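Peer 1: As input, take start-v2.cif (mmCIF, N, CA and C atoms and all ligand atoms):
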data_my_file
loop_
_atom_site.label_atom_id
_atom_site.label_comp_id
_atom_site.auth_asym_id
_atom_site.auth_seq_id
_atom_site.Cartn_x
_atom_site.Cartn_y
_atom_site.Cartn_z
N MET A 7 31.00 -7.42 -10.90
CA MET A 7 29.91 -7.48 -11.87
C MET A 7 29.13 -6.17 -11.83
N LYS A 8 28.89 -5.62 -13.01
CA LYS A 8 28.18 -4.33 -13.04
C LYS A 8 26.90 -4.43 -13.87
N ILE A 9 25.80 -3.99 -13.27
CA ILE A 9 24.50 -3.99 -13.95
C ILE A 9 24.09 -2.55 -14.23
N LEU A 10 23.69 -2.32 -15.45
CA LEU A 10 23.19 -0.99 -15.85
C LEU A 10 21.66 -1.06 -15.94
N VAL A 11 21.00 -0.12 -15.28
CA VAL A 11 19.54 -0.05 -15.34
C VAL A 11 19.17 1.16 -16.20
N ILE A 12 18.53 0.89 -17.33
CA ILE A 12 18.18 1.97 -18.26
C ILE A 12 16.68 2.21 -18.21
N ASN A 13 16.31 3.45 -18.05
CA ASN A 13 14.90 3.85 -18.13
C ASN A 13 14.71 4.87 -19.24
N GLY A 14 13.72 4.62 -20.06
CA GLY A 14 13.48 5.45 -21.23
C GLY A 14 12.55 6.62 -20.96
N PRO A 15 11.95 7.14 -22.00
CA PRO A 15 11.22 8.41 -21.95
C PRO A 15 10.03 8.40 -20.98
N ASN A 16 9.90 9.53 -20.29
CA ASN A 16 8.80 9.81 -19.36
C ASN A 16 8.88 9.05 -18.03
N LEU A 17 9.85 8.16 -17.91
CA LEU A 17 9.95 7.42 -16.65
C LEU A 17 10.58 8.30 -15.56
N ASN A 18 11.18 9.42 -15.96
CA ASN A 18 11.61 10.42 -14.97
C ASN A 18 10.40 11.02 -14.24
N LEU A 19 9.20 10.84 -14.80
CA LEU A 19 7.99 11.41 -14.19
C LEU A 19 7.23 10.40 -13.32
N LEU A 20 7.83 9.23 -13.10
CA LEU A 20 7.16 8.23 -12.25
C LEU A 20 6.83 8.85 -10.89
N GLY A 21 5.65 8.52 -10.40
CA GLY A 21 5.21 9.10 -9.13
C GLY A 21 4.28 10.28 -9.34
N GLU A 22 4.37 10.90 -10.53
CA GLU A 22 3.48 12.04 -10.86
C GLU A 22 2.61 11.68 -12.05
N ARG A 23 3.12 10.81 -12.90
CA ARG A 23 2.53 10.51 -14.18
C ARG A 23 1.54 9.34 -14.09
N GLU A 24 0.34 9.53 -14.63
CA GLU A 24 -0.65 8.43 -14.73
C GLU A 24 -0.55 7.45 -13.55
N LYS A 25 -0.79 7.98 -12.37
CA LYS A 25 -0.57 7.17 -11.15
C LYS A 25 -1.42 5.91 -11.10
N SER A 26 -2.60 5.94 -11.75
CA SER A 26 -3.45 4.74 -11.70
C SER A 26 -2.81 3.59 -12.48
N ILE A 27 -1.91 3.91 -13.39
CA ILE A 27 -1.22 2.86 -14.16
C ILE A 27 0.14 2.55 -13.54
N TYR A 28 0.90 3.60 -13.20
CA TYR A 28 2.30 3.39 -12.81
C TYR A 28 2.57 3.52 -11.31
N GLY A 29 1.51 3.91 -10.54
CA GLY A 29 1.69 4.02 -9.09
C GLY A 29 2.30 5.36 -8.68
N ASP A 30 2.58 5.48 -7.39
CA ASP A 30 3.02 6.79 -6.90
C ASP A 30 4.46 6.78 -6.40
N ILE A 31 5.22 5.81 -6.84
CA ILE A 31 6.63 5.73 -6.41
C ILE A 31 7.51 6.42 -7.47
N SER A 32 8.40 7.25 -7.02
CA SER A 32 9.27 7.99 -7.95
C SER A 32 10.41 7.10 -8.46
N LEU A 33 11.02 7.54 -9.56
CA LEU A 33 12.17 6.80 -10.09
C LEU A 33 13.31 6.78 -9.08
N ASP A 34 13.49 7.89 -8.38
CA ASP A 34 14.54 7.95 -7.34
C ASP A 34 14.33 6.85 -6.29
N SER A 35 13.07 6.67 -5.88
CA SER A 35 12.80 5.64 -4.85
C SER A 35 13.04 4.24 -5.40
N ILE A 36 12.65 4.04 -6.67
CA ILE A 36 12.91 2.72 -7.29
C ILE A 36 14.42 2.47 -7.30
N GLU A 37 15.18 3.49 -7.68
CA GLU A 37 16.63 3.33 -7.76
C GLU A 37 17.23 3.06 -6.38
N GLN A 38 16.68 3.71 -5.37
CA GLN A 38 17.17 3.49 -4.00
C GLN A 38 16.96 2.03 -3.58
N ARG A 39 15.78 1.50 -3.92
CA ARG A 39 15.49 0.09 -3.60
C ARG A 39 16.46 -0.84 -4.33
N LEU A 40 16.77 -0.46 -5.57
CA LEU A 40 17.68 -1.31 -6.37
C LEU A 40 19.11 -1.23 -5.84
N ILE A 41 19.48 -0.07 -5.30
CA ILE A 41 20.82 0.04 -4.70
C ILE A 41 20.92 -0.93 -3.51
N ASP A 42 19.86 -0.98 -2.70
CA ASP A 42 19.85 -1.90 -1.54
C ASP A 42 19.94 -3.35 -2.00
N LYS A 43 19.16 -3.65 -3.04
CA LYS A 43 19.15 -5.03 -3.57
C LYS A 43 20.53 -5.40 -4.14
N ALA A 44 21.12 -4.46 -4.87
CA ALA A 44 22.44 -4.71 -5.47
C ALA A 44 23.48 -4.94 -4.38
N ARG A 45 23.35 -4.19 -3.29
CA ARG A 45 24.29 -4.37 -2.17
C ARG A 45 24.16 -5.79 -1.61
N MET A 46 22.91 -6.23 -1.47
CA MET A 46 22.69 -7.60 -0.97
C MET A 46 23.28 -8.64 -1.91
N LEU A 47 23.17 -8.36 -3.20
CA LEU A 47 23.67 -9.32 -4.20
C LEU A 47 25.17 -9.17 -4.44
N ASN A 48 25.72 -8.08 -3.85
CA ASN A 48 27.15 -7.81 -4.01
C ASN A 48 27.54 -7.54 -5.46
N VAL A 49 26.74 -6.71 -6.13
CA VAL A 49 27.07 -6.29 -7.50
C VAL A 49 27.04 -4.76 -7.57
N GLU A 50 27.76 -4.25 -8.55
CA GLU A 50 27.75 -2.80 -8.79
C GLU A 50 26.52 -2.47 -9.64
N ILE A 51 25.90 -1.32 -9.37
CA ILE A 51 24.73 -0.95 -10.16
C ILE A 51 24.85 0.51 -10.59
N GLU A 52 24.41 0.79 -11.81
CA GLU A 52 24.42 2.17 -12.29
C GLU A 52 23.09 2.44 -12.99
N PHE A 53 22.65 3.69 -12.95
CA PHE A 53 21.35 4.04 -13.53
C PHE A 53 21.53 5.05 -14.64
N PHE A 54 20.69 4.90 -15.64
CA PHE A 54 20.69 5.86 -16.75
C PHE A 54 19.25 6.06 -17.17
N GLN A 55 18.81 7.32 -17.17
CA GLN A 55 17.47 7.63 -17.70
C GLN A 55 17.63 8.70 -18.76
N SER A 56 16.92 8.50 -19.87
CA SER A 56 16.92 9.54 -20.90
C SER A 56 15.59 9.52 -21.64
N ASN A 57 15.20 10.71 -22.07
CA ASN A 57 14.01 10.84 -22.92
C ASN A 57 14.39 10.77 -24.38
N SER A 58 15.68 10.62 -24.65
CA SER A 58 16.17 10.70 -26.02
C SER A 58 16.68 9.34 -26.51
N GLU A 59 16.16 8.91 -27.62
CA GLU A 59 16.53 7.61 -28.19
C GLU A 59 18.03 7.52 -28.46
N GLY A 60 18.58 8.59 -29.06
CA GLY A 60 20.01 8.59 -29.40
C GLY A 60 20.90 8.48 -28.17
N GLU A 61 20.49 9.16 -27.09
CA GLU A 61 21.31 9.07 -25.87
C GLU A 61 21.29 7.65 -25.30
N ILE A 62 20.15 6.99 -25.42
CA ILE A 62 20.07 5.60 -24.93
C ILE A 62 20.98 4.70 -25.79
N VAL A 63 20.94 4.91 -27.10
CA VAL A 63 21.83 4.14 -27.99
C VAL A 63 23.29 4.40 -27.61
N ASN A 64 23.66 5.67 -27.40
CA ASN A 64 25.05 5.99 -27.04
C ASN A 64 25.45 5.32 -25.73
N ARG A 65 24.54 5.30 -24.77
CA ARG A 65 24.88 4.70 -23.47
C ARG A 65 25.08 3.19 -23.62
N ILE A 66 24.20 2.56 -24.40
CA ILE A 66 24.35 1.11 -24.62
C ILE A 66 25.70 0.83 -25.26
N GLN A 67 26.09 1.65 -26.23
CA GLN A 67 27.34 1.42 -26.97
C GLN A 67 28.57 1.52 -26.08
N GLU A 68 28.47 2.15 -24.93
CA GLU A 68 29.65 2.26 -24.05
C GLU A 68 30.11 0.89 -23.54
N LYS A 69 29.20 -0.03 -23.44
CA LYS A 69 29.51 -1.43 -23.07
C LYS A 69 30.46 -1.57 -21.88
N ASP A 70 30.17 -0.81 -20.83
CA ASP A 70 30.99 -0.85 -19.62
C ASP A 70 30.24 -1.56 -18.49
N TYR A 71 29.44 -2.56 -18.84
CA TYR A 71 28.58 -3.27 -17.89
C TYR A 71 28.50 -4.72 -18.33
N ASP A 72 28.00 -5.57 -17.42
CA ASP A 72 27.89 -7.01 -17.75
C ASP A 72 26.48 -7.42 -18.12
N GLY A 73 25.51 -6.62 -17.72
CA GLY A 73 24.11 -6.94 -18.02
C GLY A 73 23.27 -5.69 -17.87
N VAL A 74 22.08 -5.72 -18.47
CA VAL A 74 21.22 -4.52 -18.48
C VAL A 74 19.80 -4.91 -18.05
N VAL A 75 19.23 -4.09 -17.18
CA VAL A 75 17.79 -4.11 -16.91
C VAL A 75 17.21 -2.93 -17.67
N MET A 76 16.30 -3.20 -18.57
CA MET A 76 15.90 -2.18 -19.54
C MET A 76 14.40 -1.94 -19.56
N ASN A 77 13.99 -0.75 -19.11
CA ASN A 77 12.61 -0.32 -19.40
C ASN A 77 12.73 0.79 -20.44
N ALA A 78 12.58 0.40 -21.69
CA ALA A 78 12.74 1.37 -22.79
C ALA A 78 11.47 2.21 -22.96
N ALA A 79 10.46 1.93 -22.13
CA ALA A 79 9.19 2.67 -22.18
C ALA A 79 8.64 2.64 -23.61
N ALA A 80 8.18 3.77 -24.11
CA ALA A 80 7.54 3.77 -25.43
C ALA A 80 8.50 3.33 -26.54
N TYR A 81 9.81 3.52 -26.33
CA TYR A 81 10.76 3.10 -27.37
C TYR A 81 10.78 1.58 -27.58
N ALA A 82 10.32 0.83 -26.58
CA ALA A 82 10.24 -0.62 -26.78
C ALA A 82 9.33 -0.93 -27.97
N HIS A 83 8.32 -0.10 -28.15
CA HIS A 83 7.32 -0.36 -29.19
C HIS A 83 7.70 0.24 -30.55
N THR A 84 8.76 1.03 -30.56
CA THR A 84 9.07 1.78 -31.80
C THR A 84 10.52 1.67 -32.27
N SER A 85 11.45 1.34 -31.38
CA SER A 85 12.85 1.65 -31.70
C SER A 85 13.67 0.47 -32.24
N ILE A 86 13.86 0.48 -33.53
CA ILE A 86 14.79 -0.47 -34.15
C ILE A 86 16.22 -0.07 -33.77
N ALA A 87 16.46 1.22 -33.54
CA ALA A 87 17.81 1.69 -33.19
C ALA A 87 18.27 1.12 -31.85
N ILE A 88 17.37 1.08 -30.87
CA ILE A 88 17.75 0.52 -29.56
C ILE A 88 17.93 -1.00 -29.68
N ARG A 89 17.06 -1.63 -30.44
CA ARG A 89 17.23 -3.07 -30.70
C ARG A 89 18.60 -3.35 -31.30
N ASP A 90 18.97 -2.56 -32.33
CA ASP A 90 20.25 -2.79 -33.01
C ASP A 90 21.43 -2.55 -32.07
N ALA A 91 21.32 -1.54 -31.21
CA ALA A 91 22.41 -1.26 -30.25
C ALA A 91 22.58 -2.44 -29.31
N LEU A 92 21.46 -3.01 -28.84
CA LEU A 92 21.54 -4.15 -27.92
C LEU A 92 22.11 -5.37 -28.64
N LEU A 93 21.75 -5.55 -29.90
CA LEU A 93 22.32 -6.66 -30.68
C LEU A 93 23.82 -6.44 -30.89
N ALA A 94 24.21 -5.19 -31.13
CA ALA A 94 25.61 -4.88 -31.41
C ALA A 94 26.51 -5.19 -30.22
N VAL A 95 26.06 -4.83 -29.01
CA VAL A 95 26.92 -5.08 -27.84
C VAL A 95 26.82 -6.52 -27.36
N SER A 96 25.71 -7.16 -27.70
CA SER A 96 25.51 -8.56 -27.35
C SER A 96 25.76 -8.85 -25.86
N VAL A 97 25.10 -8.08 -25.02
CA VAL A 97 25.18 -8.25 -23.57
C VAL A 97 23.78 -8.66 -23.10
N PRO A 98 23.67 -9.62 -22.16
CA PRO A 98 22.33 -10.04 -21.75
C PRO A 98 21.52 -8.90 -21.11
N PHE A 99 20.26 -8.84 -21.47
CA PHE A 99 19.40 -7.83 -20.85
C PHE A 99 18.02 -8.40 -20.59
N ILE A 100 17.36 -7.81 -19.60
CA ILE A 100 15.97 -8.18 -19.28
C ILE A 100 15.10 -6.96 -19.54
N GLU A 101 14.05 -7.17 -20.29
CA GLU A 101 13.09 -6.10 -20.59
C GLU A 101 12.07 -6.03 -19.47
N VAL A 102 11.83 -4.84 -18.97
CA VAL A 102 10.86 -4.63 -17.89
C VAL A 102 9.82 -3.61 -18.34
N HIS A 103 8.56 -3.89 -18.02
CA HIS A 103 7.51 -2.87 -18.10
C HIS A 103 6.75 -2.92 -16.79
N ILE A 104 6.56 -1.76 -16.20
CA ILE A 104 5.86 -1.67 -14.92
C ILE A 104 4.41 -2.14 -15.07
N SER A 105 3.76 -1.65 -16.11
CA SER A 105 2.35 -1.99 -16.35
C SER A 105 2.26 -3.26 -17.19
N ASN A 106 1.07 -3.88 -17.16
CA ASN A 106 0.83 -5.02 -18.05
C ASN A 106 0.42 -4.47 -19.42
N VAL A 107 1.42 -4.36 -20.28
CA VAL A 107 1.18 -3.73 -21.60
C VAL A 107 0.15 -4.52 -22.42
N TYR A 108 -0.02 -5.80 -22.10
CA TYR A 108 -0.97 -6.63 -22.88
C TYR A 108 -2.43 -6.35 -22.52
N LYS A 109 -2.63 -5.65 -21.43
CA LYS A 109 -3.98 -5.22 -21.03
C LYS A 109 -4.30 -3.86 -21.62
N ARG A 110 -3.35 -3.27 -22.30
CA ARG A 110 -3.49 -1.87 -22.73
C ARG A 110 -3.66 -1.78 -24.25
N GLU A 111 -3.46 -0.63 -24.81
CA GLU A 111 -3.71 -0.43 -26.25
C GLU A 111 -2.89 -1.41 -27.09
N PRO A 112 -3.44 -1.84 -28.22
CA PRO A 112 -2.74 -2.83 -29.06
C PRO A 112 -1.34 -2.38 -29.49
N PHE A 113 -1.11 -1.07 -29.67
CA PHE A 113 0.23 -0.66 -30.10
C PHE A 113 1.29 -0.93 -29.05
N ARG A 114 0.85 -1.22 -27.80
CA ARG A 114 1.84 -1.56 -26.76
C ARG A 114 2.12 -3.07 -26.73
N HIS A 115 1.44 -3.84 -27.56
CA HIS A 115 1.62 -5.30 -27.52
C HIS A 115 2.86 -5.75 -28.27
N ASN A 116 3.34 -4.89 -29.16
CA ASN A 116 4.58 -5.23 -29.87
C ASN A 116 5.78 -4.62 -29.15
N SER A 117 6.84 -5.40 -29.05
CA SER A 117 8.11 -4.84 -28.56
C SER A 117 9.21 -5.27 -29.51
N TYR A 118 10.06 -4.31 -29.87
CA TYR A 118 11.22 -4.63 -30.70
C TYR A 118 12.35 -5.27 -29.90
N LEU A 119 12.13 -5.41 -28.59
CA LEU A 119 13.21 -5.91 -27.73
C LEU A 119 12.95 -7.34 -27.21
N SER A 120 11.69 -7.72 -27.11
CA SER A 120 11.35 -8.96 -26.38
C SER A 120 12.04 -10.21 -26.94
N ASP A 121 12.09 -10.33 -28.26
CA ASP A 121 12.62 -11.58 -28.83
C ASP A 121 14.14 -11.67 -28.74
N ILE A 122 14.81 -10.58 -28.37
CA ILE A 122 16.27 -10.65 -28.19
C ILE A 122 16.66 -10.52 -26.71
N ALA A 123 15.65 -10.41 -25.85
CA ALA A 123 15.91 -10.28 -24.40
C ALA A 123 16.14 -11.65 -23.79
N LEU A 124 16.86 -11.67 -22.67
CA LEU A 124 16.99 -12.90 -21.89
C LEU A 124 15.62 -13.28 -21.34
N GLY A 125 14.87 -12.28 -20.93
CA GLY A 125 13.52 -12.50 -20.43
C GLY A 125 12.78 -11.18 -20.39
N VAL A 126 11.49 -11.28 -20.15
CA VAL A 126 10.63 -10.09 -20.15
C VAL A 126 9.77 -10.12 -18.88
N ILE A 127 9.72 -9.01 -18.17
CA ILE A 127 8.90 -8.91 -16.97
C ILE A 127 7.91 -7.77 -17.17
N VAL A 128 6.64 -8.13 -17.15
CA VAL A 128 5.59 -7.18 -17.53
C VAL A 128 4.49 -7.21 -16.47
N GLY A 129 4.10 -6.05 -15.97
CA GLY A 129 2.92 -5.96 -15.12
C GLY A 129 3.14 -6.30 -13.65
N PHE A 130 4.39 -6.37 -13.22
CA PHE A 130 4.68 -6.63 -11.81
C PHE A 130 4.96 -5.33 -11.05
N GLY A 131 4.56 -4.21 -11.64
CA GLY A 131 4.80 -2.92 -10.98
C GLY A 131 6.28 -2.67 -10.82
N ILE A 132 6.61 -1.88 -9.83
CA ILE A 132 8.03 -1.53 -9.65
C ILE A 132 8.87 -2.73 -9.21
N TYR A 133 8.20 -3.79 -8.72
CA TYR A 133 8.96 -4.97 -8.29
C TYR A 133 9.65 -5.66 -9.47
N GLY A 134 9.12 -5.42 -10.67
CA GLY A 134 9.71 -6.02 -11.87
C GLY A 134 11.20 -5.73 -11.98
N TYR A 135 11.60 -4.52 -11.59
CA TYR A 135 13.03 -4.17 -11.68
C TYR A 135 13.87 -5.06 -10.76
N GLU A 136 13.31 -5.29 -9.56
CA GLU A 136 14.08 -6.09 -8.57
C GLU A 136 14.16 -7.55 -9.01
N TYR A 137 13.03 -8.09 -9.52
CA TYR A 137 13.05 -9.48 -10.00
C TYR A 137 14.04 -9.62 -11.16
N ALA A 138 14.05 -8.60 -12.02
CA ALA A 138 14.95 -8.64 -13.18
C ALA A 138 16.41 -8.65 -12.71
N LEU A 139 16.72 -7.78 -11.77
CA LEU A 139 18.10 -7.70 -11.26
C LEU A 139 18.50 -9.03 -10.66
N ASP A 140 17.62 -9.59 -9.86
CA ASP A 140 17.90 -10.86 -9.19
C ASP A 140 18.22 -11.96 -10.22
N TYR A 141 17.37 -12.09 -11.22
CA TYR A 141 17.54 -13.16 -12.20
C TYR A 141 18.78 -12.94 -13.07
N LEU A 142 18.97 -11.68 -13.49
CA LEU A 142 20.12 -11.36 -14.34
C LEU A 142 21.44 -11.72 -13.63
N VAL A 143 21.53 -11.39 -12.36
CA VAL A 143 22.75 -11.70 -11.60
C VAL A 143 22.93 -13.22 -11.50
N LYS A 144 21.83 -13.94 -11.27
CA LYS A 144 21.92 -15.41 -11.21
C LYS A 144 22.48 -15.97 -12.50
N VAL A 145 21.93 -15.49 -13.63
CA VAL A 145 22.37 -16.01 -14.93
C VAL A 145 23.83 -15.65 -15.19
N LEU A 146 24.21 -14.42 -14.88
CA LEU A 146 25.60 -13.99 -15.14
C LEU A 146 26.57 -14.78 -14.26
N ARG A 147 26.16 -15.08 -13.03
CA ARG A 147 27.05 -15.85 -12.13
C ARG A 147 27.24 -17.27 -12.62
N ARG A 148 26.17 -17.80 -13.22
CA ARG A 148 26.21 -19.17 -13.74
C ARG A 148 27.14 -19.25 -14.95
N ALA A 149 27.22 -18.14 -15.71
CA ALA A 149 27.96 -18.16 -16.99
C ALA A 149 29.47 -18.23 -16.78
C1 LIG B 201 6.00 1.20 -19.87
C2 LIG B 201 4.91 0.78 -20.86
C3 LIG B 201 5.04 1.56 -22.15
O1 LIG B 201 4.02 1.17 -23.05
C4 LIG B 201 4.90 3.04 -21.90
O2 LIG B 201 5.11 3.77 -23.08
C5 LIG B 201 5.78 3.54 -20.81
C6 LIG B 201 6.00 2.70 -19.63
C7 LIG B 201 5.83 0.51 -18.50
O3 LIG B 201 6.80 0.50 -17.74
O4 LIG B 201 4.75 0.00 -18.19
O5 LIG B 201 6.24 4.67 -20.83
O6 LIG B 201 7.27 0.81 -20.38
#
Could I get this file's structure written as structure tokens?
Peer 2:
Amino acid sequence: MKILVINGPNLNLLGEREKSIYGDISLDSIEQRLIDKARMLNVEIEFFQSNSEGEIVNRIQEKDYDGVVMNAAAYAHTSIAIRDALLAVSVPFIEVHISNVYKREPFRHNSYLSDIALGVIVGFGIYGYEYALDYLVKVLRRA
């Protein structure tokens, strides 16, 4: 079983960027924690980060995975293209946001992904990725 973890724009700056909102842990460290978790769950894991909407669409279209943990970052609020790519491949995914977007500006309250996601994890900090991985693997094993 292979899980793809996709991180969208500006998440490469985690640990340096708006630390009061996103904390001081880097994306590399988050990925390292997820590698450990994936090993425990006995699943393959791969990471993809891009600041470019088209590159994220292209990666989704490769469909070489069984499930996706997706923090599309700002594209969650804007991207019909990423929504359409996820609909096209029809693979289960969990939407993650590190911050509680509902406590923030109103433009972050809409997501083009939430209603087609298996589930949404918002405001659990970096742990959201691990909870998402855990649940996604459970659901895929059940299927
Ligand atoms: C984010 C929330 C988005 O609104 C924002 O644009 C991000 C990060 C989060 O993980 O909290 O870049 O997806």
Peer 1: If DSSP is run on the backbone, what residues of chain A are strand (DSSP E or B)? A reply as a ChimeraX atom specification would be ideal.
Peer 2: /A:8-13,50-55,73-77,99-103,125-128
Peer 1: Grab the residues selected above and save them as a CSV table (one decimal), in the frame of the given file with N, CA and C atoms.
Peer 2:
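As a result, result.csv now contains:
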chain,number,residue,atom,x,y,z
A,8,LYS,N,28.9,-5.6,-13.0
A,8,LYS,CA,28.2,-4.3,-13.0
A,8,LYS,C,26.9,-4.4,-13.9
A,9,ILE,N,25.8,-4.0,-13.3
A,9,ILE,CA,24.5,-4.0,-14.0
A,9,ILE,C,24.1,-2.6,-14.2
A,10,LEU,N,23.7,-2.3,-15.4
A,10,LEU,CA,23.2,-1.0,-15.8
A,10,LEU,C,21.7,-1.1,-15.9
A,11,VAL,N,21.0,-0.1,-15.3
A,11,VAL,CA,19.5,0.0,-15.3
A,11,VAL,C,19.2,1.2,-16.2
A,12,ILE,N,18.5,0.9,-17.3
A,12,ILE,CA,18.2,2.0,-18.3
A,12,ILE,C,16.7,2.2,-18.2
A,13,ASN,N,16.3,3.4,-18.0
A,13,ASN,CA,14.9,3.8,-18.1
A,13,ASN,C,14.7,4.9,-19.2
A,50,GLU,N,27.8,-4.2,-8.6
A,50,GLU,CA,27.8,-2.8,-8.8
A,50,GLU,C,26.5,-2.5,-9.6
A,51,ILE,N,25.9,-1.3,-9.4
A,51,ILE,CA,24.7,-1.0,-10.2
A,51,ILE,C,24.8,0.5,-10.6
A,52,GLU,N,24.4,0.8,-11.8
A,52,GLU,CA,24.4,2.2,-12.3
A,52,GLU,C,23.1,2.4,-13.0
A,53,PHE,N,22.6,3.7,-13.0
A,53,PHE,CA,21.4,4.0,-13.5
A,53,PHE,C,21.5,5.0,-14.6
A,54,PHE,N,20.7,4.9,-15.6
A,54,PHE,CA,20.7,5.9,-16.8
A,54,PHE,C,19.2,6.1,-17.2
A,55,GLN,N,18.8,7.3,-17.2
A,55,GLN,CA,17.5,7.6,-17.7
A,55,GLN,C,17.6,8.7,-18.8
A,73,GLY,N,25.5,-6.6,-17.7
A,73,GLY,CA,24.1,-6.9,-18.0
A,73,GLY,C,23.3,-5.7,-17.9
A,74,VAL,N,22.1,-5.7,-18.5
A,74,VAL,CA,21.2,-4.5,-18.5
A,74,VAL,C,19.8,-4.9,-18.0
A,75,VAL,N,19.2,-4.1,-17.2
A,75,VAL,CA,17.8,-4.1,-16.9
A,75,VAL,C,17.2,-2.9,-17.7
A,76,MET,N,16.3,-3.2,-18.6
A,76,MET,CA,15.9,-2.2,-19.5
A,76,MET,C,14.4,-1.9,-19.6
A,77,ASN,N,14.0,-0.8,-19.1
A,77,ASN,CA,12.6,-0.3,-19.4
A,77,ASN,C,12.7,0.8,-20.4
A,99,PHE,N,20.3,-8.8,-21.5
A,99,PHE,CA,19.4,-7.8,-20.8
A,99,PHE,C,18.0,-8.4,-20.6
A,100,ILE,N,17.4,-7.8,-19.6
A,100,ILE,CA,16.0,-8.2,-19.3
A,100,ILE,C,15.1,-7.0,-19.5
A,101,GLU,N,14.0,-7.2,-20.3
A,101,GLU,CA,13.1,-6.1,-20.6
A,101,GLU,C,12.1,-6.0,-19.5
A,102,VAL,N,11.8,-4.8,-19.0
A,102,VAL,CA,10.9,-4.6,-17.9
A,102,VAL,C,9.8,-3.6,-18.3
A,103,HIS,N,8.6,-3.9,-18.0
A,103,HIS,CA,7.5,-2.9,-18.1
A,103,HIS,C,6.8,-2.9,-16.8
A,125,GLY,N,14.9,-12.3,-20.9
A,125,GLY,CA,13.5,-12.5,-20.4
A,125,GLY,C,12.8,-11.2,-20.4
A,126,VAL,N,11.5,-11.3,-20.2
A,126,VAL,CA,10.6,-10.1,-20.2
A,126,VAL,C,9.8,-10.1,-18.9
A,127,ILE,N,9.7,-9.0,-18.2
A,127,ILE,CA,8.9,-8.9,-17.0
A,127,ILE,C,7.9,-7.8,-17.2
A,128,VAL,N,6.6,-8.1,-17.2
A,128,VAL,CA,5.6,-7.2,-17.5
A,128,VAL,C,4.5,-7.2,-16.5
Peer 1: What does the list of residues within 9 Å of ligand LIG 201 (chain B) look like if you count only C-alpha atoms and all ligand atoms, written as a PyMOL selection string?
Peer 2: chain A and resi 13-17+27-28+77-83+102-107+110-111+113-115+128-129+131-132
Peer 1: Which residues come within 10 Å of A:Glu52, counting only C-alpha atoms, excluding same-chain residues fewer than 6 positions away, as an NGL selection string?
Peer 2: :A and (8-12 or 37 or 40-41 or 44 or 71 or 74)
Peer 1: At what distance in Å, to one decimal, does atom N of A:Leu33 lie from atom C of A:Leu19?
Peer 2: 6.1 Å
Peer 1: How many Å separate atom CA of A:Arg147 from atom CA of A:Ile86?
Peer 2: 29.5 Å
Peer 1: Given all atoms listed in the file as the basis, pick out the residue of A:Ile122, A:Asp34, A:Thr84, A:Met76 nearest to A:Tyr135.
Peer 2: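 Smallest distance to A:Tyr135 is found for A:Met76.
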Peer 1: Which value, in Å to one decimal, gives the distance between atom CA of A:Arg45 and atom CA of A:Ile31?
Peer 2: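 These two atoms are separated by 20.8 Å.
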Peer 1: Using all atoms of stretch 30-40 of chain A that appear in the file, construct an axis-aligned enclosing box with 3 Å of padding on every side and provide its centre coordinates and edge lengths in Å, rounded to one decimal, as JSON.
Peer 2:
{"center_x": 10.8, "center_y": 3.3, "center_z": -6.8, "size_x": 22.5, "size_y": 15.3, "size_z": 12.5}
